[in-house]
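Chemist: Supplied structure: coords-v9.tsv, TSV, C-alpha atoms (C1' of nucleotides).
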```
chain	number	residue	atom	x	y	z
A	13	MET	CA	-81.98	-67.27	-184.57
A	14	THR	CA	-79.67	-68.92	-182.10
A	15	THR	CA	-79.90	-65.93	-179.84
A	16	ALA	CA	-83.11	-67.20	-178.31
A	17	GLY	CA	-81.52	-66.72	-174.92
A	18	SER	CA	-82.23	-69.86	-172.97
A	19	GLU	CA	-80.25	-68.44	-170.07
A	20	SER	CA	-81.86	-65.90	-167.81
A	21	ARG	CA	-78.78	-63.93	-166.90
A	22	SER	CA	-78.05	-62.82	-170.44
A	23	ALA	CA	-81.58	-62.27	-171.59
A	24	GLN	CA	-80.83	-58.68	-172.50
A	25	GLN	CA	-77.39	-59.27	-174.02
A	26	GLU	CA	-78.20	-61.25	-177.15
A	27	ASP	CA	-74.97	-60.34	-178.90
A	28	PRO	CA	-72.09	-57.93	-178.46
A	29	CYS	CA	-72.56	-55.21	-181.03
A	30	ARG	CA	-75.85	-54.94	-182.87
A	31	THR	CA	-75.89	-51.49	-181.37
A	32	ARG	CA	-73.12	-50.47	-183.67
A	33	GLU	CA	-75.00	-51.67	-186.72
A	34	VAL	CA	-78.08	-49.69	-185.83
A	35	LEU	CA	-76.08	-46.54	-185.36
A	36	ASP	CA	-74.41	-47.07	-188.70
A	37	ILE	CA	-77.83	-47.00	-190.28
A	38	VAL	CA	-79.70	-44.31	-188.43
A	39	GLY	CA	-77.17	-42.89	-185.99
A	40	ASP	CA	-76.21	-39.98	-188.18
A	41	LYS	CA	-77.40	-36.46	-187.88
A	42	TRP	CA	-80.41	-36.55	-190.19
A	43	SER	CA	-81.70	-40.05	-190.89
A	44	LEU	CA	-84.15	-40.26	-188.03
A	45	LEU	CA	-85.49	-36.83	-188.83
A	46	VAL	CA	-86.16	-37.89	-192.39
A	47	VAL	CA	-87.85	-41.10	-191.27
A	48	ARG	CA	-89.93	-39.12	-188.86
A	49	ASN	CA	-91.03	-36.69	-191.53
A	50	LEU	CA	-92.04	-39.52	-193.81
A	51	SER	CA	-94.13	-41.29	-191.22
A	52	GLN	CA	-97.22	-39.40	-192.29
A	53	GLY	CA	-96.98	-40.37	-195.92
A	54	PRO	CA	-94.98	-39.63	-199.08
A	55	ARG	CA	-93.13	-36.36	-199.30
A	56	ARG	CA	-91.33	-34.52	-202.03
A	57	PHE	CA	-87.76	-33.38	-201.90
A	58	THR	CA	-88.54	-29.75	-201.30
A	59	GLU	CA	-91.17	-30.55	-198.72
A	60	LEU	CA	-88.61	-32.49	-196.73
A	61	LYS	CA	-86.08	-29.74	-197.21
A	62	ARG	CA	-88.47	-27.24	-195.69
A	63	ALA	CA	-89.75	-29.55	-192.96
A	64	ILE	CA	-86.32	-30.49	-191.67
A	65	ASP	CA	-84.98	-27.21	-190.50
A	66	GLY	CA	-81.30	-26.68	-191.01
A	67	ILE	CA	-80.62	-29.50	-193.43
A	68	SER	CA	-78.69	-28.64	-196.56
A	69	GLN	CA	-79.59	-29.89	-200.00
A	70	ARG	CA	-76.49	-31.97	-200.02
A	71	MET	CA	-77.19	-33.70	-196.72
A	72	LEU	CA	-80.80	-34.33	-197.63
A	73	THR	CA	-79.72	-35.99	-200.85
A	74	VAL	CA	-77.03	-38.02	-199.14
A	75	THR	CA	-79.35	-39.10	-196.34
A	76	LEU	CA	-82.16	-40.06	-198.69
A	77	ARG	CA	-79.77	-42.08	-200.82
A	78	SER	CA	-78.48	-43.93	-197.80
A	79	LEU	CA	-81.95	-44.75	-196.55
A	80	GLU	CA	-83.03	-45.81	-200.01
A	81	ARG	CA	-80.03	-48.08	-200.26
A	82	ASP	CA	-80.91	-49.66	-196.93
A	83	GLY	CA	-84.46	-50.32	-198.04
A	84	ILE	CA	-85.91	-47.90	-195.51
A	85	LEU	CA	-87.61	-45.75	-198.12
A	86	THR	CA	-88.41	-45.69	-201.82
A	87	ARG	CA	-87.67	-43.00	-204.34
A	88	THR	CA	-90.25	-42.41	-207.05
A	89	VAL	CA	-89.46	-40.21	-210.03
A	90	ARG	CA	-92.18	-38.78	-212.21
A	91	ASN	CA	-90.47	-38.02	-215.44
A	92	VAL	CA	-91.99	-34.64	-216.11
A	93	MET	CA	-90.86	-31.09	-216.34
A	94	PRO	CA	-90.23	-29.78	-213.79
A	95	PRO	CA	-89.03	-32.97	-212.09
A	96	HIS	CA	-91.22	-34.47	-209.42
A	97	VAL	CA	-89.64	-36.91	-206.96
A	98	SER	CA	-91.37	-38.32	-203.95
A	99	TYR	CA	-90.09	-40.40	-201.09
A	100	GLU	CA	-92.03	-42.90	-199.05
A	101	LEU	CA	-91.28	-45.29	-196.23
A	102	THR	CA	-91.19	-48.96	-197.09
A	103	PRO	CA	-92.93	-51.42	-194.77
A	104	MET	CA	-89.57	-51.97	-193.14
A	105	GLY	CA	-89.15	-48.23	-192.82
A	106	LYS	CA	-92.42	-48.04	-190.99
A	107	THR	CA	-91.37	-50.70	-188.54
A	108	LEU	CA	-88.22	-48.71	-187.95
A	109	ARG	CA	-90.29	-45.68	-187.22
A	110	GLN	CA	-92.22	-47.66	-184.66
A	111	ALA	CA	-89.08	-49.06	-183.11
A	112	THR	CA	-87.80	-45.56	-182.50
A	113	ALA	CA	-91.01	-44.38	-180.93
A	114	PRO	CA	-90.15	-45.52	-177.38
A	115	LEU	CA	-86.87	-43.67	-177.57
A	116	LEU	CA	-88.63	-40.51	-178.66
A	117	GLU	CA	-91.14	-40.92	-175.90
A	118	TRP	CA	-88.32	-41.45	-173.43
A	119	SER	CA	-86.74	-38.18	-174.51
A	120	THR	CA	-89.99	-36.33	-174.16
A	121	ILE	CA	-90.31	-37.56	-170.62
A	122	HIS	CA	-86.72	-37.19	-169.48
A	123	LEU	CA	-85.19	-34.29	-171.36
A	124	ALA	CA	-86.04	-31.81	-168.65
A	125	HIS	CA	-84.49	-34.11	-166.09
A	126	ILE	CA	-81.35	-34.40	-168.17
A	127	ASP	CA	-81.13	-30.67	-168.48
A	128	ALA	CA	-81.34	-30.40	-164.72
A	129	ALA	CA	-78.72	-33.09	-164.25
A	130	ARG	CA	-76.37	-31.19	-166.52
A	131	ALA	CA	-76.86	-27.99	-164.62
A	132	THR	CA	-76.18	-29.79	-161.35
A	133	TYR	CA	-73.10	-31.44	-162.77
A	134	ASP	CA	-71.72	-28.21	-164.15
A	135	ALA	CA	-72.25	-26.49	-160.83
A	136	ARG	CA	-70.17	-29.03	-158.96
A	137	PRO	CA	-66.80	-28.07	-157.61
A	138	ASP	CA	-66.05	-31.77	-156.94
A	139	THR	CA	-62.54	-31.83	-158.27
A	140	SER	CA	-61.13	-31.33	-154.80
A	141	PRO	CA	-63.09	-31.91	-151.61
A	142	ALA	CA	-59.82	-33.44	-150.37
B	12	MET	CA	-95.45	-25.36	-174.94
B	13	THR	CA	-97.84	-24.29	-177.67
B	14	THR	CA	-97.14	-27.48	-179.59
B	15	ALA	CA	-99.61	-29.42	-177.48
B	16	GLY	CA	-101.07	-30.82	-180.68
B	17	SER	CA	-104.78	-30.91	-180.12
B	18	GLU	CA	-105.18	-32.01	-183.71
B	19	SER	CA	-105.38	-35.68	-184.55
B	20	ARG	CA	-103.41	-35.54	-187.77
B	21	SER	CA	-100.18	-34.70	-185.98
B	22	ALA	CA	-100.49	-37.19	-183.16
B	23	GLN	CA	-97.06	-38.62	-183.92
B	24	GLN	CA	-95.36	-35.30	-184.52
B	25	GLU	CA	-95.41	-33.76	-181.06
B	26	ASP	CA	-92.58	-31.39	-181.84
B	27	PRO	CA	-90.06	-30.81	-184.60
B	28	CYS	CA	-86.77	-31.97	-183.23
B	29	ARG	CA	-86.69	-34.08	-180.10
B	30	THR	CA	-84.89	-36.53	-182.29
B	31	ARG	CA	-81.93	-34.25	-182.40
B	32	GLU	CA	-81.79	-34.06	-178.63
B	33	VAL	CA	-81.76	-37.81	-178.25
B	34	LEU	CA	-78.96	-38.19	-180.73
B	35	ASP	CA	-76.98	-35.54	-178.92
B	36	ILE	CA	-77.19	-37.68	-175.82
B	37	VAL	CA	-76.75	-41.22	-177.06
B	38	GLY	CA	-76.16	-40.87	-180.79
B	39	ASP	CA	-72.41	-41.06	-180.55
B	40	LYS	CA	-70.25	-44.05	-181.19
B	41	TRP	CA	-70.02	-45.53	-177.70
B	42	SER	CA	-72.76	-44.31	-175.36
B	43	LEU	CA	-75.30	-47.00	-176.11
B	44	LEU	CA	-72.65	-49.68	-175.80
B	45	VAL	CA	-71.74	-48.41	-172.36
B	46	VAL	CA	-75.36	-48.26	-171.29
B	47	ARG	CA	-75.83	-51.75	-172.58
B	48	ASN	CA	-72.86	-53.06	-170.67
B	49	LEU	CA	-74.12	-51.49	-167.48
B	50	SER	CA	-77.58	-52.95	-167.77
B	51	GLN	CA	-76.55	-56.00	-165.78
B	52	GLY	CA	-75.24	-54.06	-162.83
B	53	PRO	CA	-72.30	-51.91	-161.75
B	54	ARG	CA	-69.05	-52.22	-163.63
B	55	ARG	CA	-65.55	-50.94	-163.09
B	56	PHE	CA	-63.58	-48.90	-165.55
B	57	THR	CA	-61.35	-51.70	-166.70
B	58	GLU	CA	-64.23	-54.14	-166.92
B	59	LEU	CA	-65.99	-51.80	-169.30
B	60	LYS	CA	-62.78	-51.25	-171.20
B	61	ARG	CA	-62.47	-54.97	-171.79
B	62	ALA	CA	-66.14	-55.58	-172.44
B	63	ILE	CA	-66.46	-52.89	-175.09
B	64	ASP	CA	-64.13	-54.10	-177.73
B	65	GLY	CA	-62.21	-51.42	-179.56
B	66	ILE	CA	-62.86	-48.51	-177.22
B	67	SER	CA	-59.88	-46.47	-176.13
B	68	GLN	CA	-59.27	-45.26	-172.60
B	69	ARG	CA	-59.87	-41.76	-173.74
B	70	MET	CA	-63.22	-42.47	-175.36
B	71	LEU	CA	-64.39	-44.55	-172.43
B	72	THR	CA	-63.56	-41.73	-170.08
B	73	VAL	CA	-65.18	-39.12	-172.28
B	74	THR	CA	-68.31	-41.22	-172.80
B	75	LEU	CA	-68.67	-42.03	-169.11
B	76	ARG	CA	-68.29	-38.37	-168.21
B	77	SER	CA	-70.95	-37.37	-170.67
B	78	LEU	CA	-73.39	-39.98	-169.44
B	79	GLU	CA	-72.68	-39.04	-165.85
B	80	ARG	CA	-73.32	-35.42	-166.64
B	81	ASP	CA	-76.63	-36.32	-168.21
B	82	GLY	CA	-77.69	-38.30	-165.16
B	83	ILE	CA	-77.67	-41.60	-167.04
B	84	LEU	CA	-75.15	-43.20	-164.75
B	85	THR	CA	-73.34	-42.60	-161.48
B	86	ARG	CA	-69.64	-42.69	-160.79
B	87	THR	CA	-68.56	-44.05	-157.43
B	88	VAL	CA	-64.98	-43.65	-156.26
B	89	ARG	CA	-63.56	-45.75	-153.46
B	90	ASN	CA	-60.64	-43.79	-152.20
B	91	VAL	CA	-58.19	-46.62	-151.84
B	92	MET	CA	-54.97	-47.72	-153.37
B	93	PRO	CA	-55.14	-48.87	-156.07
B	94	PRO	CA	-58.10	-46.72	-157.16
B	95	HIS	CA	-61.46	-48.41	-157.48
B	96	VAL	CA	-64.16	-46.68	-159.51
B	97	SER	CA	-67.46	-48.24	-160.43
B	98	TYR	CA	-70.21	-47.07	-162.70
B	99	GLU	CA	-73.87	-47.85	-162.43
B	100	LEU	CA	-77.01	-46.89	-164.27
B	101	THR	CA	-79.34	-44.50	-162.54
B	102	PRO	CA	-83.08	-45.26	-162.59
B	103	MET	CA	-83.30	-42.92	-165.56
B	104	GLY	CA	-80.47	-44.78	-167.20
B	105	LYS	CA	-82.36	-48.01	-166.83
B	106	THR	CA	-85.43	-46.52	-168.48
B	107	LEU	CA	-83.19	-45.41	-171.33
B	108	ARG	CA	-81.92	-48.93	-171.68
B	109	GLN	CA	-85.48	-50.14	-171.95
B	110	ALA	CA	-86.39	-47.46	-174.45
B	111	THR	CA	-83.61	-48.61	-176.74
B	112	ALA	CA	-84.61	-52.26	-176.55
B	113	PRO	CA	-87.18	-52.09	-179.39
B	114	LEU	CA	-84.60	-50.53	-181.66
B	115	LEU	CA	-82.14	-53.29	-180.89
B	116	GLU	CA	-84.79	-55.87	-181.49
B	117	TRP	CA	-85.64	-54.19	-184.77
B	118	SER	CA	-82.05	-54.45	-185.88
B	119	THR	CA	-81.89	-58.11	-184.98
B	120	ILE	CA	-84.91	-58.75	-187.13
B	121	HIS	CA	-84.10	-56.55	-190.10
B	122	LEU	CA	-80.34	-56.39	-190.46
B	123	ALA	CA	-80.25	-59.27	-192.91
B	124	HIS	CA	-82.94	-57.61	-194.95
B	125	ILE	CA	-80.99	-54.38	-194.99
B	126	ASP	CA	-77.91	-56.18	-196.15
B	127	ALA	CA	-79.90	-57.67	-199.00
B	128	ALA	CA	-81.36	-54.30	-199.88
B	129	ARG	CA	-77.88	-52.82	-200.09
B	130	ALA	CA	-76.68	-55.58	-202.36
B	131	THR	CA	-79.67	-55.05	-204.63
B	132	TYR	CA	-79.14	-51.31	-204.69
B	133	ASP	CA	-75.45	-51.62	-205.47
B	134	ALA	CA	-76.20	-54.02	-208.29
B	135	ARG	CA	-78.53	-51.56	-210.02
B	136	PRO	CA	-77.55	-49.96	-213.30
B	137	ASP	CA	-80.43	-47.42	-213.03
B	138	THR	CA	-78.41	-44.32	-213.84
B	139	SER	CA	-79.34	-44.38	-217.52
B	140	PRO	CA	-82.29	-46.39	-218.86
B	141	ALA	CA	-83.02	-43.56	-221.28
C	13	DC	C1'	-87.46	-28.82	-208.90
C	14	DT	C1'	-84.06	-32.04	-207.96
C	15	DG	C1'	-79.53	-33.29	-207.73
C	16	DC	C1'	-74.32	-33.60	-208.28
C	17	DA	C1'	-69.34	-31.93	-207.66
C	18	DT	C1'	-66.09	-29.35	-205.28
C	19	DC	C1'	-63.94	-27.11	-201.58
C	20	DC	C1'	-63.21	-26.32	-196.88
C	21	DT	C1'	-63.97	-26.53	-191.93
C	22	DC	C1'	-64.74	-28.56	-187.65
C	23	DC	C1'	-65.36	-32.26	-184.64
C	24	DT	C1'	-64.84	-36.90	-183.47
C	25	DC	C1'	-62.05	-40.31	-182.33
C	26	DG	C1'	-57.56	-43.08	-181.93
C	27	DA	C1'	-52.61	-43.34	-180.41
C	28	DT	C1'	-49.42	-42.18	-177.25
C	29	DA	C1'	-47.27	-40.59	-173.13
C	30	DC	C1'	-47.59	-39.15	-168.47
C	31	DT	C1'	-49.78	-38.73	-163.36
C	32	DG	C1'	-51.72	-40.12	-158.66
D	14	DC	C1'	-56.18	-49.04	-161.66
D	15	DA	C1'	-58.12	-44.85	-163.35
D	16	DG	C1'	-57.59	-40.74	-165.59
D	17	DT	C1'	-55.63	-36.53	-168.08
D	18	DA	C1'	-53.14	-34.06	-171.89
D	19	DT	C1'	-51.65	-33.61	-176.40
D	20	DC	C1'	-51.31	-34.52	-181.22
D	21	DG	C1'	-52.94	-35.88	-185.60
D	22	DA	C1'	-55.86	-38.25	-189.15
D	23	DG	C1'	-60.26	-38.87	-191.08
D	24	DG	C1'	-64.90	-38.15	-191.96
D	25	DA	C1'	-69.20	-35.62	-191.42
D	26	DG	C1'	-71.30	-31.95	-192.89
D	27	DG	C1'	-71.98	-26.82	-194.64
D	28	DA	C1'	-71.50	-23.39	-198.70
D	29	DT	C1'	-71.43	-22.63	-203.26
D	30	DG	C1'	-71.89	-23.24	-208.21
D	31	DC	C1'	-73.55	-25.85	-212.05
D	32	DA	C1'	-76.83	-29.22	-214.73
D	33	DG	C1'	-80.92	-31.79	-216.47
```
Could you render the structure as C-alpha cells?
Modeler:
Amino acid sequence: MTTAGSESRSAQQEDPCRTREVLDIVGDKWSLLVVRNLSQGPRRFTELKRAIDGISQRMLTVTLRSLERDGILTRTVRNVMPPHVSYELTPMGKTLRQATAPLLEWSTIHLAHIDAARATYDARPDTSPA
Amino acid sequence: MTTAGSESRSAQQEDPCRTREVLDIVGDKWSLLVVRNLSQGPRRFTELKRAIDGISQRMLTVTLRSLERDGILTRTVRNVMPPHVSYELTPMGKTLRQATAPLLEWSTIHLAHIDAARATYDARPDTSPA
DNA sequence: CTGCATCCTCCTCGATACTG
DNA sequence: CAGTATCGAGGAGGATGCAG
C-alpha cells in the first residue's frame, strides 16, 4: 500500500489505528483461545468446550460465529444424527495464529517479571514522600 | 512447572492459558495504542491525550497507571509549576512493542480480506437450504 | 451433540466537575 | 498541566431452559 514508509522516523507508525481493528477481531475474551485450540487441526464443538476451560456454551457459539464471519475459521456440518460439527482454521486463520506467536512467547518470558513489577508497585507508599 | 512438554505433538501448546494473561495486560481498549505512541520516545500526558484520538482523560490515566504497574512504562514527575509528567517505555515495554509488531503487520495485510469475508458471510442465506 | 433465546449482572468506559 | 472523584449508560459475558 501507500504505507511503505519511505521516511525513517515513522517506520513503526504506518497508520494511526490498525491496533483498534485487530482488537475488534481478536481482542475479546475468548477468540485467541479458540484460535489457539484449533492450531493443531479441526476440532468439534464439544472438544473446544472442554479444552477451553471456563467458556460457556453461549460464548463458544458467539465466538465461533464471529471468527467464522471474519474468515478466520470454517464451520463444517455433517448432517447426521446426532449432529457433528467441526471447526478448522482457514489459511488466513493460520497466519493469524502465527502472528500471535511472538506475543505469546513474550508473555511466557515476561509474565514473572510483570508479576514482580506489580508487587513492587503495590508495595509503594509513593503518594506522599513530600 | 510440570507442563514442560517433552512431547513433540504439543510443541505449540506450552500451557493452557497464557493467552488470557496477555489479554489481561494489553487486551483492553487503549493499552496497545499507548504503547504504540510511546515507541518513538517519551511523551507527556497531554501529548498522548492528543495523539490518541478519542481517549478521555480518565481512560488515559487509568491505562497509564495499569501499564506503569505492570512495568511496561515509567512515569517521571518533574516537580515544577505547571506540572510536567512524562511517560516512557521500559526495556520490557519495548520488547512488548516488538512482540505486537507481527500482529499489526498481519492486520495490515489481512484487514481487507476480513472485510470481504464479512460481506460474504452477511450475504449468505444459509439458514434453510432444506 | 450442537445451538438459540432470554434474563440478569458486572465491568468497562465516557462525561462531567473539581483539585493542586 | 496533570490527575482524581463521581455518576451513568452500554455491552460483554454467565446461567438457565428449550429445540432440532
Chemist: For atom CA of B:Arg47 and atom CA of B:Arg69, determine how far apart the two atoms are, in Å to one decimal place.
Modeler: 18.9 Å
Chemist: One decimal, in Å: what's the spacing between atom CA of B:Glu79 and atom CA of B:Ser118?
Modeler: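 A separation of 27.0 Å between them.
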Chemist: Matching each Cα of chain B to the same-order Cα of chain A and superposing by least squares, what RMSD do you find?
Modeler: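 The fitted C-alpha deviation between chain A and chain B is 1.0 Å.
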Chemist: Applying 12 Å and only C-alpha atoms (C1' of nucleotides), which residues near A:Val89 remain after dropping the ones on its own chain fewer than 5 positions away? List them as a count of residues only.
Modeler: 13
Chemist: Give me, as a PyMOL selection string, all polymer residues having an atom no more than 12 Å from stretch 45-47 of chain A, counting all atoms listed in the file and skipping those fewer than 6 positions away in the same chain.
Modeler: (chain A and resi 37-39+53-57+59-67+71-80+83-86+99-102+104-113+116) or (chain B and resi 24+26-34)
Chemist: Using all atoms listed in the file, which residue out of B:Ala128, B:Arg135, B:Ser67, B:Thr57 lies closest to chain C?
Modeler: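 For chain C, the nearest of the given residues is B:Ser67.
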Chemist: I'd like the neighbourhood of stretch 16-24 of chain C as a tab-separated table (two decimals) with C-alpha atoms (C1' of nucleotides), in the frame of the given file, where a residue qualifies if any of its atoms comes within 10 Å (using all atoms listed in the file), though same-chain residues fewer than 3 positions away should be ignored.
Modeler:
```
chain	number	residue	atom	x	y	z
A	70	ARG	CA	-76.49	-31.97	-200.02
A	73	THR	CA	-79.72	-35.99	-200.85
B	39	ASP	CA	-72.41	-41.06	-180.55
B	40	LYS	CA	-70.25	-44.05	-181.19
B	70	MET	CA	-63.22	-42.47	-175.36
D	23	DG	C1'	-60.26	-38.87	-191.08
D	24	DG	C1'	-64.90	-38.15	-191.96
D	25	DA	C1'	-69.20	-35.62	-191.42
D	26	DG	C1'	-71.30	-31.95	-192.89
D	27	DG	C1'	-71.98	-26.82	-194.64
D	28	DA	C1'	-71.50	-23.39	-198.70
D	29	DT	C1'	-71.43	-22.63	-203.26
D	30	DG	C1'	-71.89	-23.24	-208.21
D	31	DC	C1'	-73.55	-25.85	-212.05
D	32	DA	C1'	-76.83	-29.22	-214.73
```
Chemist: Residues of chain D were defined as contacting chain B if any atom lay at most 10 Å from it, counting all atoms listed in the file; please report them as a PyMOL selection string.
Modeler: chain D and resi 14-17
Chemist: In Å, how far is it from atom CA of A:Asp134 to atom CA of B:Thr87?
Modeler: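 Separating atom CA of A:Asp134 from atom CA of B:Thr87 is a distance of 17.5 Å.
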Chemist: Please determine an axis-aligned box that encloses all atoms of stretch 116-132 of chain A listed in the file, with 6 Å added on each side, and express its centre and edge lengths in Å to one decimal as lines of an AutoDock Vina configuration file.
Modeler:
```
center_x = -83.7
center_y = -34.7
center_z = -170.0
size_x = 27.0
size_y = 25.5
size_z = 29.3
```
Chemist: For each of A:Ala128, A:Leu123, A:Leu115, A:Ala135, take the minimum atom-to-atom distance to chain B, counting only C-alpha atoms, then give the residue where this is smallest.
Modeler: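 That would be A:Leu115, the residue with the smallest distance to chain B.
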Chemist: Using 10 Å as the limit and counting all atoms listed in the file, can you tabulate each residue of chain C that touches chain B, with its shortest atom-to-atom distance in Å and the two atoms involved, as JSON lines?
Modeler:
```
{"residue": "C:DT24", "atom": "C1'", "partner": "B:Asp39", "partner_atom": "CA", "distance": 9.1}
{"residue": "C:DC25", "atom": "C1'", "partner": "B:Met70", "partner_atom": "CA", "distance": 7.4}
{"residue": "C:DG26", "atom": "C1'", "partner": "B:Ser67", "partner_atom": "CA", "distance": 7.1}
{"residue": "C:DA27", "atom": "C1'", "partner": "B:Ser67", "partner_atom": "CA", "distance": 9.0}
{"residue": "C:DG32", "atom": "C1'", "partner": "B:Pro94", "partner_atom": "CA", "distance": 9.3}
```
